[in-house]
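Colleague: Structure file work-v7.txt, compact mmCIF, C-alpha atoms, is pasted below:
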```txt
# COMPACT_ATOMS: atom_id res chain seq x y z
CA MET A 1 -12.90 -37.44 -11.31
CA ILE A 2 -14.84 -38.30 -8.14
CA ARG A 3 -13.50 -35.16 -6.46
CA LYS A 4 -14.67 -32.97 -9.38
CA LEU A 5 -18.17 -34.47 -9.28
CA SER A 6 -18.33 -33.95 -5.51
CA ALA A 7 -17.32 -30.31 -5.93
CA LEU A 8 -19.96 -29.73 -8.60
CA LEU A 9 -22.60 -31.41 -6.43
CA ILE A 10 -21.73 -29.23 -3.45
CA ALA A 11 -21.89 -26.10 -5.61
CA ALA A 12 -25.29 -27.10 -6.96
CA VAL A 13 -26.67 -27.79 -3.49
CA PHE A 14 -25.35 -24.42 -2.30
CA ALA A 15 -27.01 -22.61 -5.21
CA VAL A 16 -30.34 -24.32 -4.52
CA ALA A 17 -30.09 -23.40 -0.85
CA LEU A 18 -29.30 -19.81 -1.72
CA CYS A 19 -32.33 -19.56 -4.01
CA ALA A 20 -34.54 -21.07 -1.32
CA CYS A 21 -33.37 -18.47 1.19
CA THR A 22 -33.83 -15.49 -1.14
CA GLY A 23 -36.97 -16.61 -2.94
CA GLY A 24 -35.26 -17.13 -6.31
CA PRO A 25 -32.56 -15.58 -8.45
CA VAL A 26 -32.08 -11.86 -7.79
CA ASP A 27 -32.57 -9.68 -10.88
CA PRO A 28 -29.82 -7.12 -11.36
CA ALA A 29 -30.79 -3.56 -10.48
CA PRO A 30 -31.82 -1.66 -13.63
CA GLU A 31 -29.43 1.00 -14.82
CA GLU A 32 -30.58 4.60 -14.59
CA SER A 33 -30.93 6.70 -17.73
CA THR A 34 -30.51 10.48 -17.63
CA LEU A 35 -31.37 13.10 -20.23
CA THR A 36 -29.48 16.41 -20.09
CA PHE A 37 -29.48 19.47 -22.31
CA ALA A 38 -25.94 20.52 -23.16
CA GLN A 39 -26.41 19.79 -26.87
CA GLY A 40 -30.12 20.46 -27.35
CA ARG A 41 -33.63 19.65 -26.17
CA ASN A 42 -33.42 15.88 -26.76
CA GLU A 43 -36.48 16.09 -28.98
CA ALA A 44 -36.19 12.47 -30.11
CA LEU A 45 -37.06 11.41 -26.57
CA ILE A 46 -39.05 14.39 -25.24
CA ASN A 47 -42.24 16.04 -26.46
CA TRP A 48 -42.03 19.73 -25.65
CA TYR A 49 -45.26 21.70 -25.35
CA GLY A 50 -45.39 25.47 -25.77
CA ARG A 51 -42.49 27.84 -26.29
CA CYS A 52 -39.68 26.06 -24.45
CA TYR A 53 -36.36 27.88 -24.71
CA HIS A 54 -33.11 25.89 -24.76
CA ASP A 55 -30.22 27.72 -23.07
CA ALA A 56 -27.08 25.90 -24.23
CA GLU A 57 -24.80 27.84 -21.87
CA LYS A 58 -26.85 26.96 -18.78
CA GLU A 59 -27.75 23.50 -20.16
CA GLN A 60 -31.42 23.91 -19.35
CA VAL A 61 -34.79 24.26 -21.04
CA SER A 62 -37.39 26.79 -19.95
CA PHE A 63 -41.06 25.85 -19.74
CA SER A 64 -42.16 29.05 -18.00
CA ASN A 65 -45.21 29.89 -20.10
CA SER A 66 -48.72 28.89 -19.09
CA SER A 67 -49.64 25.37 -20.27
CA SER A 68 -46.04 24.66 -21.34
CA GLY A 69 -44.12 21.54 -20.40
CA PHE A 70 -42.75 18.20 -21.49
CA GLU A 71 -43.66 14.53 -21.93
CA VAL A 72 -41.55 11.36 -21.86
CA THR A 73 -42.03 7.61 -22.06
CA PHE A 74 -39.72 5.28 -20.15
CA ASN A 75 -39.36 1.66 -19.05
CA GLY A 76 -39.12 1.59 -15.27
CA THR A 77 -40.88 2.46 -12.02
CA GLN A 78 -39.99 6.09 -11.35
CA LEU A 79 -39.08 9.39 -12.97
CA LYS A 80 -37.13 12.22 -11.39
CA ALA A 81 -36.39 15.75 -12.62
CA ARG A 82 -33.90 18.42 -11.72
CA LEU A 83 -35.69 21.77 -11.76
CA ILE A 84 -34.91 25.43 -11.16
CA SER A 85 -37.89 27.66 -10.43
CA THR A 86 -38.82 31.02 -8.97
CA GLY A 87 -41.85 32.45 -7.23
CA SER A 88 -44.24 35.27 -8.03
CA GLN A 89 -42.70 38.51 -9.24
CA PHE A 90 -45.96 40.31 -8.44
CA PRO A 91 -46.87 39.33 -4.86
CA GLN A 92 -49.22 42.30 -4.66
CA GLU A 93 -51.37 40.44 -7.20
CA ALA A 94 -50.70 36.82 -6.20
CA GLN A 95 -48.25 35.42 -3.68
CA GLY A 96 -46.63 32.02 -3.89
CA SER A 97 -44.77 29.62 -6.14
CA ALA A 98 -45.11 28.33 -9.67
CA TYR A 99 -47.23 25.17 -10.03
CA VAL A 100 -47.31 22.26 -12.45
CA TYR A 101 -49.63 19.32 -13.04
CA VAL A 102 -48.11 15.85 -13.45
CA PHE A 103 -50.06 13.45 -15.70
CA VAL A 104 -49.22 9.72 -15.59
CA ASP A 105 -50.10 7.00 -18.10
CA GLY A 106 -52.76 8.64 -20.21
CA ALA A 107 -54.37 10.98 -17.67
CA SER A 108 -55.57 13.93 -19.74
CA HIS A 109 -57.68 16.26 -17.56
CA TYR A 110 -56.05 18.25 -14.78
CA SER A 111 -58.44 16.68 -12.26
CA GLN A 112 -56.75 13.33 -12.98
CA ALA A 113 -53.25 14.73 -12.42
CA GLU A 114 -51.16 15.63 -9.37
CA LEU A 115 -50.76 19.34 -8.60
CA MET A 116 -47.14 20.01 -7.61
CA GLU A 117 -45.73 23.19 -6.09
CA LEU A 118 -42.25 24.13 -7.31
CA ASN A 119 -39.56 25.45 -4.98
CA PRO A 120 -39.38 29.23 -5.44
CA ASP A 121 -35.77 29.81 -4.27
CA GLY A 122 -34.17 29.80 -7.74
CA GLN A 123 -31.86 26.90 -6.88
CA GLU A 124 -31.68 23.50 -8.55
CA HIS A 125 -33.68 20.78 -6.79
CA GLU A 126 -34.40 17.13 -7.51
CA VAL A 127 -38.12 16.43 -7.77
CA VAL A 128 -39.79 13.02 -7.95
CA LEU A 129 -42.41 13.22 -10.67
CA ALA A 130 -43.61 9.61 -10.41
CA GLU A 131 -42.61 6.62 -8.27
CA GLY A 132 -43.85 3.22 -7.13
CA LEU A 133 -45.10 2.35 -10.60
CA GLU A 134 -45.27 -1.27 -11.72
CA ARG A 135 -42.14 -2.03 -13.71
CA GLY A 136 -42.93 -1.51 -17.36
CA THR A 137 -43.59 1.21 -19.91
CA HIS A 138 -44.98 4.49 -18.55
CA THR A 139 -45.65 7.99 -19.87
CA VAL A 140 -45.36 11.14 -17.74
CA LYS A 141 -46.43 14.60 -18.90
CA VAL A 142 -45.73 17.80 -16.95
CA LEU A 143 -47.58 21.05 -17.72
CA LYS A 144 -47.12 24.39 -15.96
CA CYS A 145 -50.44 25.93 -14.91
CA THR A 146 -49.28 29.35 -13.66
CA GLU A 147 -48.24 32.23 -15.91
CA VAL A 148 -44.66 33.40 -16.25
CA LYS A 149 -45.07 36.48 -14.02
CA TYR A 150 -45.99 34.17 -11.13
CA GLY A 151 -42.87 32.05 -11.42
CA THR A 152 -40.45 30.62 -13.98
CA ALA A 153 -39.51 26.96 -14.46
CA TYR A 154 -36.39 25.38 -15.99
CA LEU A 155 -35.57 21.70 -16.53
CA THR A 156 -31.91 20.65 -16.29
CA ALA A 157 -32.20 16.83 -16.25
CA LEU A 158 -34.61 13.89 -16.31
CA THR A 159 -33.69 10.51 -14.78
CA ALA A 160 -35.56 7.20 -15.03
CA ASP A 161 -34.67 3.81 -13.50
CA GLY A 162 -34.67 2.32 -16.98
CA ASP A 163 -34.50 3.33 -20.62
CA PHE A 164 -36.21 6.32 -22.18
CA LEU A 165 -38.36 5.35 -25.16
CA THR A 166 -39.98 7.18 -28.07
CA PRO A 167 -42.62 9.57 -26.65
CA PRO A 168 -46.31 9.45 -27.70
CA VAL A 169 -47.49 10.69 -31.08
CA ARG A 170 -48.53 14.33 -30.80
CA PRO A 171 -52.03 15.55 -31.77
CA ALA A 172 -52.41 16.49 -35.42
CA LEU A 173 -54.40 19.67 -34.77
CA LYS A 174 -52.49 22.66 -33.34
CA VAL A 175 -53.91 25.62 -31.41
CA VAL A 176 -52.26 28.85 -30.25
CA LEU A 177 -53.78 30.57 -27.21
CA LEU A 178 -53.04 34.28 -27.11
CA GLY A 179 -54.39 36.51 -24.40
CA ASP A 180 -54.36 38.03 -20.95
CA SER A 181 -55.22 36.79 -17.45
CA ILE A 182 -58.53 35.31 -18.61
CA LEU A 183 -56.83 32.75 -20.85
CA SER A 184 -54.17 32.34 -18.13
CA GLY A 185 -56.88 31.03 -15.81
CA SER A 186 -56.25 33.72 -13.22
CA GLU A 187 -58.19 33.04 -9.98
CA VAL A 188 -60.13 30.22 -11.64
CA MET A 189 -59.57 27.82 -8.72
CA ARG A 190 -60.44 30.27 -5.93
CA GLU A 191 -63.07 29.18 -3.44
CA SER A 192 -63.83 32.59 -1.93
CA THR A 193 -64.42 36.07 -3.32
CA THR A 194 -61.06 37.27 -2.02
CA GLY A 195 -58.27 35.72 0.07
CA ASP A 196 -57.20 32.66 -1.93
CA SER A 197 -57.58 34.70 -5.13
CA LEU A 198 -54.39 36.47 -4.02
CA LEU A 199 -52.42 33.20 -4.17
CA THR A 200 -50.72 31.71 -7.21
CA VAL A 201 -52.35 28.36 -6.46
CA SER A 202 -55.69 29.88 -7.48
CA GLU A 203 -54.47 30.19 -11.10
CA ASN A 204 -54.82 27.26 -13.50
CA SER A 205 -54.37 27.79 -17.23
CA LEU A 206 -55.48 24.19 -17.87
CA ALA A 207 -58.94 25.10 -16.54
CA ALA A 208 -59.25 28.26 -18.66
CA TYR A 209 -61.74 28.25 -21.53
CA GLY A 210 -59.14 28.32 -24.31
CA TYR A 211 -57.51 25.14 -23.07
CA VAL A 212 -60.94 23.56 -22.55
CA ALA A 213 -61.78 24.34 -26.19
CA ALA A 214 -58.49 22.78 -27.30
CA GLU A 215 -59.39 19.64 -25.35
CA VAL A 216 -62.73 19.50 -27.18
CA LEU A 217 -60.73 19.61 -30.43
CA ASP A 218 -58.13 17.08 -29.21
CA ALA A 219 -55.48 19.64 -30.18
CA GLU A 220 -51.96 20.45 -29.05
CA VAL A 221 -51.64 23.84 -27.32
CA SER A 222 -49.00 26.53 -27.42
CA ALA A 223 -49.93 29.44 -25.15
CA ILE A 224 -48.65 32.98 -24.85
CA THR A 225 -50.91 34.25 -22.10
CA ARG A 226 -50.04 36.81 -19.45
CA SER A 227 -51.94 39.41 -17.49
CA GLY A 228 -51.61 42.38 -19.82
CA ALA A 229 -53.15 44.65 -22.42
CA LEU A 230 -52.98 45.66 -26.07
CA VAL A 231 -51.70 49.19 -25.56
CA SER A 232 -47.98 49.29 -24.80
CA GLY A 233 -47.14 50.71 -21.37
CA TYR A 234 -50.58 52.19 -20.79
CA ASN A 235 -51.10 52.61 -17.05
CA GLY A 236 -48.15 50.28 -16.41
CA TYR A 237 -49.65 47.21 -18.10
CA THR A 238 -47.41 44.85 -20.06
CA SER A 239 -48.33 44.78 -23.74
CA ILE A 240 -48.92 41.27 -25.06
CA PRO A 241 -47.94 42.30 -28.62
CA ASP A 242 -44.60 43.53 -27.24
CA ILE A 243 -43.65 40.05 -25.98
CA TYR A 244 -45.25 38.03 -28.77
CA ASP A 245 -41.98 37.64 -30.70
CA GLN A 246 -40.17 36.25 -27.63
CA TYR A 247 -40.08 32.79 -26.13
CA SER A 248 -41.60 34.31 -22.99
CA ALA A 249 -41.55 37.45 -20.88
CA ALA A 250 -38.71 35.81 -18.91
CA ASP A 251 -36.87 34.42 -21.96
CA PRO A 252 -36.45 37.31 -24.42
CA ALA A 253 -34.75 35.23 -27.12
CA GLU A 254 -36.46 35.57 -30.49
CA TRP A 255 -39.15 32.97 -31.14
CA ASP A 256 -39.08 31.02 -34.42
CA PHE A 257 -42.68 31.12 -35.66
CA GLY A 258 -41.96 28.15 -37.92
CA GLU A 259 -41.45 25.91 -34.89
CA PHE A 260 -45.17 25.69 -34.18
CA VAL A 261 -47.58 26.51 -37.00
CA PRO A 262 -51.16 26.47 -35.69
CA ASP A 263 -54.32 25.51 -37.48
CA ILE A 264 -56.29 27.72 -35.08
CA VAL A 265 -55.52 30.85 -33.03
CA ILE A 266 -57.73 31.72 -30.06
CA LEU A 267 -57.38 35.41 -29.18
CA ASP A 268 -58.75 37.18 -26.09
CA LEU A 269 -57.41 40.70 -25.57
CA GLY A 270 -58.80 44.17 -24.85
CA THR A 271 -60.48 43.63 -21.49
CA ASN A 272 -57.70 45.31 -19.48
CA ASP A 273 -57.49 48.17 -21.99
CA VAL A 274 -61.14 48.94 -21.34
CA LEU A 275 -60.79 48.55 -17.58
CA ILE A 276 -57.82 50.95 -17.37
CA GLY A 277 -59.56 53.53 -19.52
CA ALA A 278 -57.60 53.38 -22.77
CA PRO A 279 -59.34 55.40 -25.51
CA THR A 280 -61.67 53.31 -27.66
CA ALA A 281 -60.01 54.56 -30.85
CA LEU A 282 -56.62 53.41 -29.56
CA ILE A 283 -57.97 49.99 -28.60
CA ARG A 284 -59.52 49.66 -32.06
CA GLN A 285 -56.22 50.62 -33.71
CA LYS A 286 -54.02 48.29 -31.63
CA TYR A 287 -56.40 45.33 -31.89
CA GLY A 288 -56.60 45.66 -35.66
CA GLU A 289 -52.82 46.03 -36.00
CA PHE A 290 -52.20 42.96 -33.87
CA LEU A 291 -54.68 40.88 -35.84
CA LEU A 292 -52.86 41.78 -39.04
CA TYR A 293 -49.54 40.87 -37.43
CA ILE A 294 -50.88 37.49 -36.32
CA ARG A 295 -52.14 36.91 -39.85
CA SER A 296 -48.68 37.73 -41.25
CA LYS A 297 -47.17 35.01 -39.07
CA TYR A 298 -49.91 32.43 -39.69
CA PRO A 299 -51.34 32.99 -43.20
CA GLU A 300 -53.46 29.82 -43.17
CA ALA A 301 -54.70 29.75 -39.56
CA ALA A 302 -58.32 30.26 -38.57
CA ILE A 303 -58.42 33.05 -35.97
CA PHE A 304 -61.20 33.19 -33.38
CA CYS A 305 -61.53 36.55 -31.60
CA CYS A 306 -63.24 35.96 -28.24
CA TYR A 307 -64.79 38.45 -25.83
CA GLY A 308 -67.41 38.82 -23.13
CA ALA A 309 -66.05 36.72 -20.24
CA MET A 310 -65.68 39.72 -17.91
CA ILE A 311 -67.15 42.79 -19.65
CA THR A 312 -69.56 43.43 -22.52
CA THR A 313 -67.91 46.60 -23.84
CA LEU A 314 -66.01 44.66 -26.51
CA ASN A 315 -69.10 42.83 -27.78
CA THR A 316 -69.68 45.52 -30.38
CA LEU A 317 -66.15 46.81 -30.92
CA ILE A 318 -64.41 43.54 -31.84
CA PRO A 319 -66.98 42.41 -34.44
CA GLU A 320 -66.63 45.86 -36.06
CA ILE A 321 -62.84 45.50 -36.21
CA VAL A 322 -63.07 42.00 -37.71
CA GLU A 323 -65.63 43.14 -40.27
CA GLU A 324 -63.38 45.98 -41.41
CA LEU A 325 -60.50 43.57 -42.10
CA LYS A 326 -62.54 41.52 -44.60
CA ASP A 327 -60.57 38.37 -43.76
CA GLN A 328 -62.82 35.36 -44.37
CA ASN A 329 -60.78 33.19 -41.99
CA ILE A 330 -61.14 35.43 -38.93
CA TYR A 331 -64.20 34.77 -36.78
CA THR A 332 -65.74 36.24 -33.64
CA CYS A 333 -67.03 34.43 -30.57
CA ALA A 334 -69.22 36.09 -27.95
CA LEU A 335 -68.66 33.99 -24.83
CA PRO A 336 -71.96 33.08 -23.15
CA ALA A 337 -70.87 32.98 -19.48
CA LEU A 338 -70.21 36.45 -18.05
CA THR A 339 -68.54 36.54 -14.64
CA ALA A 340 -70.47 38.21 -11.84
CA GLY A 341 -67.31 39.63 -10.25
CA GLY A 342 -63.57 39.15 -10.63
CA HIS A 343 -62.16 36.60 -13.04
CA PRO A 344 -64.29 33.68 -14.27
CA ARG A 345 -64.35 30.51 -12.18
CA VAL A 346 -64.21 26.88 -13.28
CA GLN A 347 -67.87 26.52 -14.28
CA GLN A 348 -67.87 29.71 -16.33
CA HIS A 349 -64.67 28.70 -18.10
CA GLU A 350 -66.09 25.26 -18.85
CA THR A 351 -69.27 26.75 -20.30
CA ASN A 352 -67.28 29.15 -22.47
CA GLY A 353 -64.76 26.49 -23.49
CA TYR A 354 -67.38 23.99 -24.62
CA HIS A 355 -69.21 26.75 -26.47
CA LEU A 356 -66.03 27.88 -28.27
CA GLY A 357 -64.95 24.31 -29.02
CA GLY A 358 -68.32 23.53 -30.56
CA LEU A 359 -68.27 26.75 -32.58
CA ILE A 360 -64.82 25.90 -34.00
CA VAL A 361 -65.91 22.37 -34.89
CA ARG A 362 -68.98 23.63 -36.74
CA THR A 363 -67.29 26.60 -38.39
CA LEU A 364 -64.32 24.65 -39.72
CA GLY A 365 -66.23 21.49 -40.57
CA LEU A 366 -64.36 19.30 -38.12
CA LEU A 367 -67.34 17.11 -37.21
CA GLY A 368 -65.90 14.05 -38.93
CA GLU A 369 -62.70 14.32 -36.88
CA ASN A 370 -64.13 15.28 -33.50
CA GLU A 371 -67.66 13.90 -33.28
```
Render the structure in this file as structure tokens.
Modeller:
Amino acid sequence: MIRKLSALLIAAVFAVALCACTGGPVDPAPEESTLTFAQGRNEALINWYGRCYHDAEKEQVSFSNSSSGFEVTFNGTQLKARLISTGSQFPQEAQGSAYVYVFVDGASHYSQAELMELNPDGQEHEVVLAEGLERGTHTVKVLKCTEVKYGTAYLTALTADGDFLTPPVRPALKVVLLGDSILSGSEVMRESTTGDSLLTVSENSLAAYGYVAAEVLDAEVSAITRSGALVSGYNGYTSIPDIYDQYSAADPAEWDFGEFVPDIVILDLGTNDVLIGAPTALIRQKYGEFLLYIRSKYPEAAIFCCYGAMITTLNTLIPEIVEELKDQNIYTCALPALTAGGHPRVQQHETNGYHLGGLIVRTLGLLGENE
């Protein structure tokens, strides 16, 4: 009996000494959690934004469109992703890689987020999205800010040093952005007249006026925006209507329009058609046909037809087209800030975005929800 007590006493003393040397009991290392995409998009644990195509064979999800991405909540200190991405397919227009913004713990404006350049070599790479966080519950949102022609992006896995939790509640109001390089935020971040405008880093769809208007509305965005035109193949331009039924220009799988049913559609097309000299009658025809097609997909949505950010030629034509359709839920918006040269910059986009957001609030009677 005495020997057993002595042994217990020695063990206790040893344990106390060990704690004194290490500063206390050592917590076990948290187990990592990984989300993959063999079976689907893991939508119970991931909010997907935009048209994000799941490729079951490659076990990956595309978020190549402007303003597309994903959002997760986890309990831990860091989040890593495995990504495959490519660079610009049109270096004569803009050279460089695809870019994303990483938002952590409630950051909402791109100025509060980290701009991250993706590797353009088309190989899978591990990327640290967030690290060094205090252990606890965190939310990370990743949004692509460059259009699909300037680089694709595919997610193959997400890993946290803890458990993934239910992601945040999504906004109730839904907005579709549909347009060309203006709504893509082409050159919006450039600092000079030329030079950096020829780099993909100068593009930021999250600074474009359509996204700004959606922020005013506190709305979720799904964007199909790409430098292009209305008229198919005219002068080599990609036709936006031709890719509208696809997930993206890089993911030609058929899009299910029931997956995201918008309350509002913001449309900005026709500028390139005018600039490349398409006949006015043809522009009128294609714009009207596309409006009717949009209406067939979204019977209840309010559609706002915007114009005037770069040229004034459409300021008469588009109101005439809308008037001819006699659709009481299609509206026009003459944007107040006209660029002096090239694509609009940040200040012009902000002016136009706040103007459009305010117009939508007043027109649709949303003051009680957004005041």
Colleague: List as a list in words the protein and nucleic acid residues near stretch 41-54 of chain A, meaning an atom at most 7 Å away when only C-alpha atoms are counted, but skip any in the same chain fewer than 3 places from it.
Modeller: Phe37, Gln60, Val61, Ser62, Phe63, Ser67, Ser68, Gly69, Phe70, Glu71, Val72, Phe164, Leu165, Thr166, Pro167, Val221, Ser222, Ala223 and Tyr247 of chain A
Colleague: Have a look at atom CA of A:Glu124 and atom CA of A:Met189 and let me know their distance in Å, one decimal.
Modeller: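 Atom CA of A:Met189 lies 28.2 Å from atom CA of A:Glu124.
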Colleague: Nearest to A:Tyr99 among A:Glu134, A:Glu323, A:Glu147, A:Glu215, with distances taken over all atoms listed in the file: which residue is it?
Modeller: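 Smallest distance to A:Tyr99 is found for A:Glu147.
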Colleague: Can you pull out every residue within 6 Å of stretch 328-342 of chain A, counting only C-alpha atoms, but drop anything in the same chain fewer than 6 positions away, and send it as a PDB file with C-alpha atoms, in the coordinates of the input?
Modeller:
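That gives us around.pdb:
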```pdb
ATOM      1  CA  ALA A 302     -58.320  30.260 -38.570  1.00  0.00           C
ATOM      2  CA  ILE A 303     -58.420  33.050 -35.970  1.00  0.00           C
ATOM      3  CA  PHE A 304     -61.200  33.190 -33.380  1.00  0.00           C
ATOM      4  CA  CYS A 305     -61.530  36.550 -31.600  1.00  0.00           C
ATOM      5  CA  CYS A 306     -63.240  35.960 -28.240  1.00  0.00           C
ATOM      6  CA  TYR A 307     -64.790  38.450 -25.830  1.00  0.00           C
ATOM      7  CA  GLY A 308     -67.410  38.820 -23.130  1.00  0.00           C
ATOM      8  CA  ALA A 309     -66.050  36.720 -20.240  1.00  0.00           C
ATOM      9  CA  MET A 310     -65.680  39.720 -17.910  1.00  0.00           C
ATOM     10  CA  GLN A 348     -67.870  29.710 -16.330  1.00  0.00           C
ATOM     11  CA  ASN A 352     -67.280  29.150 -22.470  1.00  0.00           C
TER      12      ASN A 352
END
```
Colleague: Between atom CA of A:His343 and atom CA of A:Ser186, measure the distance and give it in Å to one decimal.
Modeller: 6.6 Å
Colleague: Any chance you could tabulate, as a tab-separated table, the residues of stretch 81-106 of chain A at most 12 Å from stretch 205-211 of chain A with each one's nearest atom pair and distance in Å to one decimal, using all atoms listed in the file, in chain and rising number order?
Modeller:
```
residue	atom	partner	partner_atom	distance
A:Ala98	CA	A:Ser205	CA	12.0
A:Tyr99	CA	A:Ser205	CA	10.5
A:Val100	CA	A:Leu206	CA	10.0
A:Tyr101	CA	A:Leu206	CA	9.0
A:Val102	CA	A:Leu206	CA	12.0
```
Colleague: Residues within 8 Å of A:Ser97, please, as a PDB file with C-alpha atoms, in the coordinates of the input. Count all atoms listed in the file; anything in the same chain fewer than 6 positions from it doesn't count.
Modeller:
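To be explicit, this is the file written out as out00.pdb:
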```pdb
ATOM      1  CA  THR A  86     -38.820  31.020  -8.970  1.00  0.00           C
ATOM      2  CA  GLY A  87     -41.850  32.450  -7.230  1.00  0.00           C
ATOM      3  CA  SER A  88     -44.240  35.270  -8.030  1.00  0.00           C
ATOM      4  CA  GLU A 117     -45.730  23.190  -6.090  1.00  0.00           C
ATOM      5  CA  LEU A 118     -42.250  24.130  -7.310  1.00  0.00           C
ATOM      6  CA  ASN A 119     -39.560  25.450  -4.980  1.00  0.00           C
ATOM      7  CA  PRO A 120     -39.380  29.230  -5.440  1.00  0.00           C
ATOM      8  CA  TYR A 150     -45.990  34.170 -11.130  1.00  0.00           C
ATOM      9  CA  GLY A 151     -42.870  32.050 -11.420  1.00  0.00           C
ATOM     10  CA  THR A 200     -50.720  31.710  -7.210  1.00  0.00           C
ATOM     11  CA  VAL A 201     -52.350  28.360  -6.460  1.00  0.00           C
TER      12      VAL A 201
END
```
